[in-house]
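Student: Okay, so here is protein35.csv, and as you'll see once you scroll down, it has CSV, C-alpha atoms.
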```csv
chain,number,residue,atom,x,y,z
A,1,MET,CA,-22.8,21.9,14.1
A,2,GLU,CA,-21.5,19.9,17.0
A,3,SER,CA,-18.2,18.1,16.3
A,4,GLN,CA,-18.5,14.3,15.8
A,5,PRO,CA,-16.5,12.1,18.1
A,6,LEU,CA,-13.6,10.1,16.6
A,7,PRO,CA,-14.9,6.9,15.0
A,8,LEU,CA,-13.0,4.5,17.3
A,9,ALA,CA,-13.3,6.4,20.5
A,10,GLY,CA,-14.0,3.9,23.2
A,11,ILE,CA,-12.3,1.0,21.3
A,12,THR,CA,-9.4,-0.6,23.1
A,13,VAL,CA,-6.7,-2.4,21.1
A,14,VAL,CA,-4.0,-4.7,22.6
A,15,ALA,CA,-1.1,-5.4,20.2
A,16,VAL,CA,1.8,-7.8,20.6
A,17,GLU,CA,3.7,-6.3,17.7
A,18,GLN,CA,7.0,-5.5,16.2
A,19,ALA,CA,8.7,-4.0,13.1
A,20,VAL,CA,6.2,-2.3,10.7
A,21,ALA,CA,3.2,-4.3,9.5
A,22,ALA,CA,1.3,-4.6,12.8
A,23,PRO,CA,2.5,-1.3,14.4
A,24,PHE,CA,1.5,0.7,11.3
A,25,ALA,CA,-1.9,-1.0,11.3
A,26,THR,CA,-2.5,-0.2,14.9
A,27,ARG,CA,-1.3,3.4,14.5
A,28,GLN,CA,-4.1,3.9,12.0
A,29,LEU,CA,-6.5,2.7,14.7
A,30,ALA,CA,-5.0,5.1,17.2
A,31,ASP,CA,-5.3,8.0,14.7
A,32,LEU,CA,-9.1,7.2,14.6
A,33,GLY,CA,-9.4,7.5,18.4
A,34,ALA,CA,-8.7,3.9,19.6
A,35,ARG,CA,-6.7,3.3,22.7
A,36,VAL,CA,-3.7,1.1,21.7
A,37,ILE,CA,-1.8,-0.8,24.3
A,38,LYS,CA,1.5,-2.0,22.8
A,39,VAL,CA,3.1,-5.1,24.5
A,40,GLU,CA,6.9,-5.1,24.1
A,41,ARG,CA,9.7,-7.3,25.1
A,42,ILE,CA,11.5,-6.3,28.3
A,43,ASP,CA,14.9,-6.7,26.6
A,44,GLY,CA,14.8,-3.7,24.2
A,45,GLY,CA,11.2,-3.8,23.3
A,46,ASP,CA,10.0,-3.7,19.7
A,47,PHE,CA,13.2,-4.4,17.7
A,48,ALA,CA,12.3,-1.5,15.4
A,49,ARG,CA,13.4,0.8,18.3
A,50,GLY,CA,16.9,-0.2,17.3
A,51,TYR,CA,16.8,0.3,13.5
A,52,ASP,CA,18.5,3.7,13.6
A,53,SER,CA,18.7,6.9,15.6
A,54,ALA,CA,17.8,9.4,12.9
A,55,ALA,CA,14.7,10.9,14.7
A,56,GLY,CA,16.5,12.9,17.3
A,57,GLY,CA,18.0,9.8,18.7
A,58,LEU,CA,15.0,7.6,18.2
A,59,ALA,CA,14.4,5.1,15.3
A,60,SER,CA,12.6,6.7,12.4
A,61,HIS,CA,10.5,3.5,11.7
A,62,PHE,CA,9.4,3.4,15.4
A,63,VAL,CA,8.5,7.1,15.5
A,64,TRP,CA,6.5,6.7,12.3
A,65,CYS,CA,4.5,3.7,13.4
A,66,ASN,CA,4.0,4.1,17.1
A,67,ARG,CA,2.7,7.5,18.1
A,68,GLY,CA,-0.3,7.6,20.3
A,69,LYS,CA,0.2,4.2,22.0
A,70,GLU,CA,0.8,3.0,25.5
A,71,SER,CA,3.8,0.8,26.1
A,72,ILE,CA,4.0,-2.1,28.5
A,73,ALA,CA,7.1,-4.2,28.7
A,74,LEU,CA,6.6,-7.9,29.6
A,75,ASP,CA,8.4,-11.2,29.4
A,76,LEU,CA,6.0,-13.4,27.5
A,77,LYS,CA,8.2,-16.5,28.2
A,78,ASP,CA,7.1,-16.2,31.8
A,79,PRO,CA,3.5,-17.4,32.5
A,80,ARG,CA,3.0,-14.3,34.7
A,81,GLY,CA,3.7,-12.1,31.6
A,82,ILE,CA,1.2,-14.0,29.5
A,83,ALA,CA,-1.3,-13.8,32.3
A,84,VAL,CA,-1.1,-10.0,32.2
A,85,VAL,CA,-1.6,-10.0,28.5
A,86,ARG,CA,-4.7,-12.2,28.9
A,87,ARG,CA,-6.1,-9.8,31.5
A,88,LEU,CA,-5.5,-6.9,29.1
A,89,ILE,CA,-7.2,-8.8,26.3
A,90,ALA,CA,-10.2,-9.5,28.5
A,91,GLY,CA,-11.0,-5.8,28.5
A,92,ALA,CA,-10.1,-5.2,24.8
A,93,ASP,CA,-12.1,-5.0,21.6
A,94,VAL,CA,-9.3,-5.8,19.2
A,95,PHE,CA,-6.1,-7.9,19.5
A,96,VAL,CA,-3.3,-7.7,16.9
A,97,GLN,CA,-0.1,-9.8,16.6
A,98,ASN,CA,2.6,-10.3,14.0
A,99,LEU,CA,4.9,-12.7,15.9
A,100,ALA,CA,6.9,-15.3,14.1
A,101,HIS,CA,5.0,-18.3,12.6
A,102,GLY,CA,3.7,-20.5,15.4
A,103,ALA,CA,4.8,-18.3,18.3
A,104,ALA,CA,1.3,-16.8,19.0
A,105,ALA,CA,-0.3,-20.3,19.0
A,106,ARG,CA,2.4,-21.6,21.4
A,107,LEU,CA,1.5,-18.7,23.7
A,108,GLY,CA,-2.3,-19.1,23.3
A,109,LEU,CA,-2.5,-15.7,21.6
A,110,ASP,CA,-3.6,-16.8,18.1
A,111,ALA,CA,-6.8,-15.4,16.8
A,112,ALA,CA,-8.8,-18.7,16.9
A,113,THR,CA,-8.0,-19.4,20.5
A,114,LEU,CA,-8.7,-15.9,21.7
A,115,CYS,CA,-11.9,-15.5,19.7
A,116,ALA,CA,-13.2,-18.8,21.2
A,117,ALA,CA,-12.6,-17.4,24.7
A,118,HIS,CA,-13.9,-13.9,23.9
A,119,PRO,CA,-16.7,-14.0,21.3
A,120,ARG,CA,-16.8,-10.2,20.9
A,121,LEU,CA,-13.1,-9.8,20.3
A,122,VAL,CA,-11.7,-9.0,16.9
A,123,ALA,CA,-8.3,-10.8,16.7
A,124,VAL,CA,-5.8,-10.2,13.9
A,125,ASP,CA,-3.0,-12.5,12.9
A,126,ILE,CA,-0.5,-10.8,10.5
A,127,SER,CA,2.0,-13.2,8.9
A,128,GLY,CA,4.4,-13.2,6.0
A,129,TYR,CA,2.9,-16.0,3.9
A,130,GLY,CA,-0.3,-17.2,5.7
A,131,PRO,CA,-0.9,-19.9,8.3
A,132,SER,CA,-0.5,-22.8,6.0
A,133,GLY,CA,1.2,-23.9,2.8
A,134,PRO,CA,4.9,-24.6,2.1
A,135,TYR,CA,6.0,-21.0,2.8
A,136,ALA,CA,4.1,-20.7,6.2
A,137,GLY,CA,7.2,-21.0,8.3
A,138,LYS,CA,9.5,-19.0,6.0
A,139,ARG,CA,11.1,-15.8,7.3
A,140,ALA,CA,9.2,-12.9,5.7
A,141,TYR,CA,11.1,-9.6,5.8
A,142,ASP,CA,9.7,-6.8,3.6
A,143,MET,CA,12.4,-7.1,0.9
A,144,LEU,CA,12.0,-10.8,0.7
A,145,VAL,CA,8.3,-10.6,0.2
A,146,GLN,CA,8.8,-7.8,-2.4
A,147,CYS,CA,10.9,-10.4,-4.3
A,148,GLU,CA,8.4,-13.3,-3.9
A,149,ALA,CA,5.5,-11.1,-4.9
A,150,GLY,CA,7.2,-10.0,-8.1
A,151,LEU,CA,7.3,-6.3,-7.2
A,152,VAL,CA,11.1,-6.2,-7.7
A,153,SER,CA,10.7,-7.7,-11.2
A,154,VAL,CA,8.6,-4.7,-12.4
A,155,THR,CA,10.5,-1.9,-10.6
A,156,GLY,CA,13.7,-0.4,-11.9
A,157,THR,CA,15.4,0.0,-15.2
A,158,PRO,CA,15.6,-2.5,-18.2
A,159,GLY,CA,18.9,-3.7,-16.9
A,160,GLN,CA,18.4,-3.6,-13.2
A,161,PRO,CA,15.5,-4.7,-11.0
A,162,VAL,CA,15.2,-2.8,-7.7
A,163,LYS,CA,13.1,-3.1,-4.5
A,164,ALA,CA,10.7,-0.3,-3.7
A,165,GLY,CA,12.2,2.5,-1.6
A,166,ILE,CA,9.6,2.0,1.1
A,167,PRO,CA,8.5,-1.2,2.9
A,168,ALA,CA,5.7,-1.8,0.4
A,169,ALA,CA,4.9,-5.4,1.7
A,170,ASP,CA,4.7,-4.2,5.3
A,171,ILE,CA,2.5,-1.3,4.4
A,172,ALA,CA,0.2,-3.3,2.2
A,173,ALA,CA,-0.3,-5.9,5.0
A,174,ALA,CA,-0.8,-3.1,7.6
A,175,MET,CA,-3.5,-1.4,5.5
A,176,TYR,CA,-5.4,-4.6,4.9
A,177,ALA,CA,-5.2,-5.4,8.6
A,178,PHE,CA,-6.5,-2.0,9.4
A,179,SER,CA,-9.4,-2.2,7.0
A,180,GLY,CA,-10.1,-5.8,8.2
A,181,VAL,CA,-10.4,-4.6,11.8
A,182,LEU,CA,-12.9,-1.9,10.7
A,183,ALA,CA,-14.9,-4.4,8.7
A,184,ALA,CA,-15.0,-6.8,11.6
A,185,LEU,CA,-16.0,-4.1,14.1
A,186,VAL,CA,-18.9,-3.2,11.7
A,187,ARG,CA,-19.9,-6.8,11.6
A,188,ARG,CA,-19.7,-7.1,15.4
A,189,GLY,CA,-22.1,-4.1,15.6
A,190,VAL,CA,-24.6,-6.1,13.6
A,191,SER,CA,-24.1,-9.6,14.9
A,192,GLY,CA,-22.6,-9.0,18.4
A,193,ARG,CA,-19.6,-11.2,17.5
A,194,GLY,CA,-16.1,-10.4,16.6
A,195,GLY,CA,-13.9,-13.0,15.1
A,196,PRO,CA,-10.5,-13.8,13.6
A,197,VAL,CA,-8.9,-11.7,10.8
A,198,GLU,CA,-6.0,-13.1,8.8
A,199,VAL,CA,-3.7,-11.0,6.6
A,200,SER,CA,-0.4,-12.1,5.0
A,201,MET,CA,2.2,-9.8,3.5
A,202,LEU,CA,2.3,-11.9,0.3
A,203,ASP,CA,-1.4,-11.9,-0.2
A,204,ALA,CA,-1.5,-8.1,0.4
A,205,LEU,CA,1.3,-7.3,-2.0
A,206,ALA,CA,0.1,-9.8,-4.6
A,207,GLU,CA,-3.2,-7.9,-4.7
A,208,TRP,CA,-1.3,-4.6,-5.2
A,209,MET,CA,0.5,-6.3,-8.2
A,210,GLY,CA,-2.9,-6.6,-9.9
A,211,HIS,CA,-2.1,-4.6,-13.1
A,212,PRO,CA,1.2,-6.3,-14.0
A,213,LEU,CA,-0.2,-9.7,-12.8
A,214,HIS,CA,-3.3,-9.5,-15.0
A,215,HIS,CA,-1.2,-8.1,-17.9
A,216,ALA,CA,1.1,-11.1,-17.7
A,217,MET,CA,-1.6,-13.7,-17.1
A,218,HIS,CA,-4.0,-12.5,-19.8
A,219,GLY,CA,-1.7,-10.7,-22.2
A,220,GLY,CA,1.1,-13.3,-22.1
A,221,THR,CA,4.0,-11.0,-21.2
A,222,PRO,CA,4.9,-9.1,-18.1
A,223,PRO,CA,5.3,-5.3,-18.4
A,224,ALA,CA,8.8,-4.2,-19.1
A,225,ARG,CA,10.8,-2.3,-16.5
A,226,THR,CA,11.2,1.2,-17.8
A,227,GLY,CA,12.6,3.3,-14.9
A,228,LEU,CA,10.5,6.5,-14.8
A,229,ALA,CA,9.4,6.1,-18.4
A,230,HIS,CA,6.1,4.4,-19.4
A,231,ALA,CA,6.2,1.2,-21.4
A,232,VAL,CA,3.5,2.2,-23.9
A,233,ILE,CA,3.3,6.0,-23.6
A,234,ALA,CA,5.7,8.7,-24.9
A,235,PRO,CA,6.7,11.2,-23.9
A,236,TYR,CA,6.4,10.0,-20.3
A,237,ASP,CA,9.6,10.4,-18.2
A,238,ALA,CA,11.6,12.8,-16.0
A,239,TYR,CA,13.8,15.3,-17.8
A,240,PRO,CA,16.7,17.3,-16.4
A,241,THR,CA,16.3,21.1,-16.1
A,242,ALA,CA,18.9,23.9,-16.2
A,243,ASP,CA,19.0,24.3,-12.4
A,244,GLY,CA,19.8,20.6,-11.6
A,245,GLY,CA,16.2,19.6,-11.0
A,246,ARG,CA,14.1,17.1,-12.9
A,247,VAL,CA,10.5,17.4,-14.1
A,248,LEU,CA,8.3,14.5,-15.0
A,249,LEU,CA,5.7,15.0,-17.7
A,250,SER,CA,3.0,12.7,-19.1
A,251,VAL,CA,1.4,13.2,-22.5
A,252,GLN,CA,-1.8,11.1,-22.4
A,253,ASN,CA,-3.2,11.9,-25.9
A,254,ASP,CA,-2.3,13.4,-29.3
A,255,ARG,CA,-4.0,16.7,-28.5
A,256,GLU,CA,-1.7,17.2,-25.5
A,257,TRP,CA,1.3,16.4,-27.7
A,258,ARG,CA,0.3,19.1,-30.2
A,259,ARG,CA,0.1,21.6,-27.3
A,260,LEU,CA,3.4,20.5,-26.0
A,261,ALA,CA,5.0,20.8,-29.4
A,262,GLU,CA,3.6,24.3,-29.9
A,263,GLN,CA,3.8,25.9,-26.5
A,264,VAL,CA,6.8,24.2,-24.9
A,265,ILE,CA,9.1,22.7,-27.6
A,266,GLY,CA,8.3,25.6,-29.9
A,267,ARG,CA,7.9,23.5,-33.0
A,268,PRO,CA,4.2,23.3,-33.8
A,269,GLU,CA,4.9,21.2,-37.0
A,270,LEU,CA,5.8,18.3,-34.8
A,271,GLY,CA,2.1,18.0,-34.0
A,272,THR,CA,1.4,16.7,-37.5
A,273,ASP,CA,4.7,15.1,-38.3
A,274,PRO,CA,4.0,11.4,-39.0
A,275,ASP,CA,7.0,10.4,-36.9
A,276,PHE,CA,5.5,12.1,-33.8
A,277,ALA,CA,1.8,12.8,-34.4
A,278,THR,CA,0.5,9.7,-32.8
A,279,ASN,CA,1.4,7.9,-29.5
A,280,ALA,CA,2.4,4.8,-31.4
A,281,ALA,CA,4.7,6.8,-33.6
A,282,ARG,CA,6.2,8.6,-30.6
A,283,VAL,CA,6.8,5.2,-28.8
A,284,GLU,CA,8.5,3.9,-31.9
A,285,ASN,CA,10.6,7.0,-32.0
A,286,ARG,CA,11.0,7.3,-28.2
A,287,GLU,CA,14.7,8.4,-28.3
A,288,ARG,CA,14.0,11.2,-30.7
A,289,THR,CA,10.8,12.2,-28.8
A,290,ASP,CA,12.7,12.3,-25.5
A,291,ALA,CA,15.5,14.3,-27.1
A,292,LEU,CA,13.1,17.0,-28.3
A,293,VAL,CA,11.4,17.3,-24.9
A,294,GLY,CA,14.8,17.1,-23.1
A,295,GLU,CA,16.2,19.9,-25.2
A,296,ALA,CA,13.2,22.1,-24.5
A,297,LEU,CA,13.2,21.6,-20.7
A,298,GLY,CA,17.0,21.6,-20.4
A,299,GLY,CA,17.1,25.3,-20.9
A,300,LEU,CA,14.5,26.1,-18.2
A,301,GLY,CA,14.6,26.0,-14.4
A,302,ALA,CA,12.4,23.4,-12.8
A,303,ASP,CA,9.8,25.9,-11.5
A,304,GLU,CA,9.8,27.7,-14.9
A,305,ALA,CA,9.3,24.3,-16.7
A,306,VAL,CA,6.3,23.4,-14.5
A,307,VAL,CA,4.6,26.7,-15.1
A,308,LEU,CA,5.1,26.4,-18.8
A,309,LEU,CA,3.8,22.8,-18.9
A,310,GLU,CA,0.8,23.6,-16.8
A,311,ARG,CA,-0.1,26.6,-18.9
A,312,ALA,CA,0.0,24.2,-21.9
A,313,GLY,CA,-2.3,21.7,-20.1
A,314,VAL,CA,0.3,19.0,-19.9
A,315,ALA,CA,0.4,16.9,-16.7
A,316,CYS,CA,3.7,17.3,-14.8
A,317,ALA,CA,5.4,17.0,-11.5
A,318,ARG,CA,8.6,18.0,-9.8
A,319,LEU,CA,10.8,15.0,-9.0
A,320,ARG,CA,11.4,15.7,-5.3
A,321,ASP,CA,13.6,14.1,-2.8
A,322,VAL,CA,12.4,13.3,0.7
A,323,GLN,CA,13.8,16.5,2.2
A,324,GLN,CA,11.8,18.5,-0.4
A,325,LEU,CA,8.7,16.4,0.5
A,326,ALA,CA,9.2,17.6,4.1
A,327,GLU,CA,9.0,21.2,2.8
A,328,HIS,CA,6.3,20.5,0.2
A,329,PRO,CA,4.2,23.7,-0.3
A,330,GLN,CA,0.9,21.7,-0.7
A,331,LEU,CA,1.4,20.0,2.7
A,332,ALA,CA,2.3,23.4,4.3
A,333,ALA,CA,-0.7,25.2,2.7
A,334,ARG,CA,-3.1,22.5,4.0
A,335,GLU,CA,-1.5,22.6,7.4
A,336,ARG,CA,-0.8,18.8,7.4
A,337,TRP,CA,2.1,19.0,9.9
A,338,ARG,CA,1.8,18.7,13.7
A,339,GLU,CA,4.2,18.0,16.5
A,340,VAL,CA,4.1,14.9,18.6
A,341,GLY,CA,5.8,14.3,22.0
A,342,SER,CA,8.5,11.7,22.4
A,343,PRO,CA,11.2,10.7,24.9
A,344,VAL,CA,13.5,13.1,23.1
A,345,GLY,CA,11.1,16.0,22.8
A,346,PRO,CA,8.7,17.2,20.1
A,347,LEU,CA,9.0,15.7,16.6
A,348,ARG,CA,7.3,16.7,13.4
A,349,ALA,CA,4.7,14.3,12.1
A,350,LEU,CA,2.0,14.3,9.4
A,351,LEU,CA,-1.6,14.1,10.1
A,352,SER,CA,-3.4,10.9,9.2
A,353,PRO,CA,-4.4,10.9,5.5
A,354,ILE,CA,-8.0,10.1,6.7
A,355,THR,CA,-9.7,13.5,7.2
A,356,LEU,CA,-13.1,13.6,8.8
A,357,PRO,CA,-14.6,17.0,8.2
A,358,GLY,CA,-16.9,17.9,11.0
A,359,GLY,CA,-15.2,15.4,13.3
A,360,GLY,CA,-12.3,15.5,15.7
A,361,GLU,CA,-8.7,15.7,14.4
A,362,ALA,CA,-6.5,12.6,14.8
A,363,PRO,CA,-5.2,12.7,18.4
A,364,MET,CA,-1.4,12.6,17.4
A,365,GLY,CA,-0.4,11.2,20.8
A,366,ASP,CA,3.1,10.8,22.0
A,367,VAL,CA,5.7,8.2,20.9
A,368,PRO,CA,6.1,6.1,24.1
A,369,ALA,CA,9.3,5.2,25.8
A,370,LEU,CA,9.7,1.4,26.4
A,371,GLY,CA,7.5,0.4,29.4
A,372,GLU,CA,6.4,4.0,29.9
A,373,HIS,CA,2.9,2.8,30.9
A,374,THR,CA,3.7,-0.5,32.5
A,375,GLU,CA,2.8,0.4,36.0
A,376,ALA,CA,-0.4,2.2,35.1
A,377,LEU,CA,-1.6,-0.7,33.0
A,378,LEU,CA,-0.7,-3.3,35.7
A,379,ARG,CA,-2.7,-1.3,38.2
A,380,ALA,CA,-5.6,-1.0,35.7
A,381,VAL,CA,-5.9,-4.8,35.5
A,382,GLY,CA,-6.1,-5.0,39.3
A,383,MET,CA,-2.6,-5.7,40.4
A,384,ALA,CA,-1.5,-4.5,43.9
A,385,ASP,CA,1.8,-2.9,44.7
A,386,ALA,CA,3.3,-6.1,46.0
A,387,GLU,CA,2.4,-8.0,42.8
A,388,ILE,CA,3.9,-5.2,40.6
A,389,ALA,CA,7.0,-5.1,42.7
A,390,ALA,CA,7.4,-8.9,42.4
A,391,LEU,CA,7.1,-8.7,38.6
A,392,ARG,CA,9.7,-6.0,38.3
A,393,ARG,CA,12.0,-7.8,40.7
A,394,ASP,CA,11.8,-11.0,38.7
A,395,GLY,CA,12.3,-9.3,35.4
A,396,VAL,CA,8.8,-10.2,34.1
A,397,ALA,CA,7.8,-6.5,33.8
A,398,ALA,CA,9.8,-3.4,33.1
```
Please go through the file and, once you have read it, give me the structure as structure tokens.

Tutor:
Amino acid sequence: MESQPLPLAGITVVAVEQAVAAPFATRQLADLGARVIKVERIDGGDFARGYDSAAGGLASHFVWCNRGKESIALDLKDPRGIAVVRRLIAGADVFVQNLAHGAAARLGLDAATLCAAHPRLVAVDISGYGPSGPYAGKRAYDMLVQCEAGLVSVTGTPGQPVKAGIPAADIAAAMYAFSGVLAALVRRGVSGRGGPVEVSMLDALAEWMGHPLHHAMHGGTPPARTGLAHAVIAPYDAYPTADGGRVLLSVQNDREWRRLAEQVIGRPELGTDPDFATNAARVENRERTDALVGEALGGLGADEAVVLLERAGVACARLRDVQQLAEHPQLAARERWREVGSPVGPLRALLSPITLPGGGEAPMGDVPALGEHTEALLRAVGMADAEIAALRRDGVAA
């Protein structure tokens, strides 16, 4: 069967973006075949370029969120820089921005303005708290939104709330922006018109808080912080193994508990002991339950423990660190790793989680250097050599 083209082949995206939320959204579009033109500041570009130098001298956030894009560096405080962006947008299908509150409107790059001028354009405004309301102008870094959305309150141990170890608010907003673009493009295919798309980090993360939110609103109390344990299931936790690893297991019903007691703990009588026979009893006697499981697993290596638990039909997982994730046997077996080009040479990167059997693989384009495509893009919008030279001379383009 003939291979299908990538779903977004022929779609052009222009993005005035920075940090994570918008760049991660547009990288998803690039992975599906869209051409993504990234507009960056001339004085250092997207500030995520400077977060660290862990990826062979490049910033890990930037490498993660910006492969497969073309970079043009412009001074948007200069009318000539804005004029170039408008010319790029005139030939685009999608525009995405996550500038500070009010900045896009001052530049005439807000979704409402652009969609009025270009009826087929899908224009996305990503913000921290939305375009109105008392928090509209508030700074909205990921950790701050995690706090405002209550994520920190349900993450951590009983004595210590903690933020998520990944930028959850940024990622949530990015994925809703991504899906919003896809929905708007489908609508355009039917109606012929694009339109604005609004996504806020708070709205996105509040939606992800659905379980604890509904539990608190309708049950009267928020779920307790329990670390890796489960508030209402036992045993459900990570237990140390003899080789320094940790294995997490989850007993979902009393049948599984009986198998665990017989085949792993080696004490089949625990399956009918009234102190442990039901989940309610095990939760009430959580410390004793955990001690029994911990003693059994503590004499095994992590791999040995996983084999034994799986043989008993008990759900389990290795508690891996990020380096172990990079070497995960499942990712290796499914050939999920590729190499992408970058200004410092090839770097490992994961394929997009969206797999389209029978279609083309995600392009996995290079991570761009700042302004790498400036001249080509200026020529593409019809600028002559003298105009380009003047923009460079005056510091409007780089």

Student: Show me, as a Markdown table, the residues of stretch 194-214 of chain A having an atom within 10 Å of stretch 133-142 of chain A, each with the closest atom pair and its distance in Å, using only C-alpha atoms.

Tutor:
```
| residue | atom | partner | partner_atom | distance |
| --- | --- | --- | --- | --- |
| A:Ser200 | CA | A:Ala140 | CA | 9.7 |
| A:Met201 | CA | A:Ala140 | CA | 8.0 |
| A:Leu202 | CA | A:Ala140 | CA | 8.8 |
```

Student: Could you give me, as an NGL selection string, the residues that have an atom at most 12 Å away from the point (-11.5, 8.9, 14.6) in the coordinates of the file, using all atoms listed in the file?

Tutor: :A and (3-11 or 27-35 or 182 or 352-364)

Student: Smallest atom-to-atom distance to A:Arg67: which of A:Asn253, A:Thr374, A:Ser153, A:Ser342, using all atoms listed in the file?

Tutor: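 Smallest separation from A:Arg67 among the options: A:Ser342.
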
Student: Please indicate the distance in Å from atom CA of A:Ala116 to atom CA of A:Arg193, rounded to one decimal place.

Tutor: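 Calculated distance between atom CA of A:Ala116 and atom CA of A:Arg193 is 10.6 Å.
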
Student: With only C-alpha atoms as the atoms that count, which of A:Val307, A:Ala280, A:Val199, A:Leu58 lies nearest to A:Gly345?

Tutor: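 Under the stated criterion, the closest residue is A:Leu58.
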
Student: For a test of reading the model, state the distance in Å between atom CA of A:Ala90 and atom CA of A:Leu114, rounded to one decimal.

Tutor: 9.5 Å

Student: Write out as a PyMOL selection string the residues lying within 10 Å of A:Pro343, counting only C-alpha atoms and excluding same-chain residues fewer than 3 positions away.

Tutor: chain A and resi 56-58+346-347+366-370+372
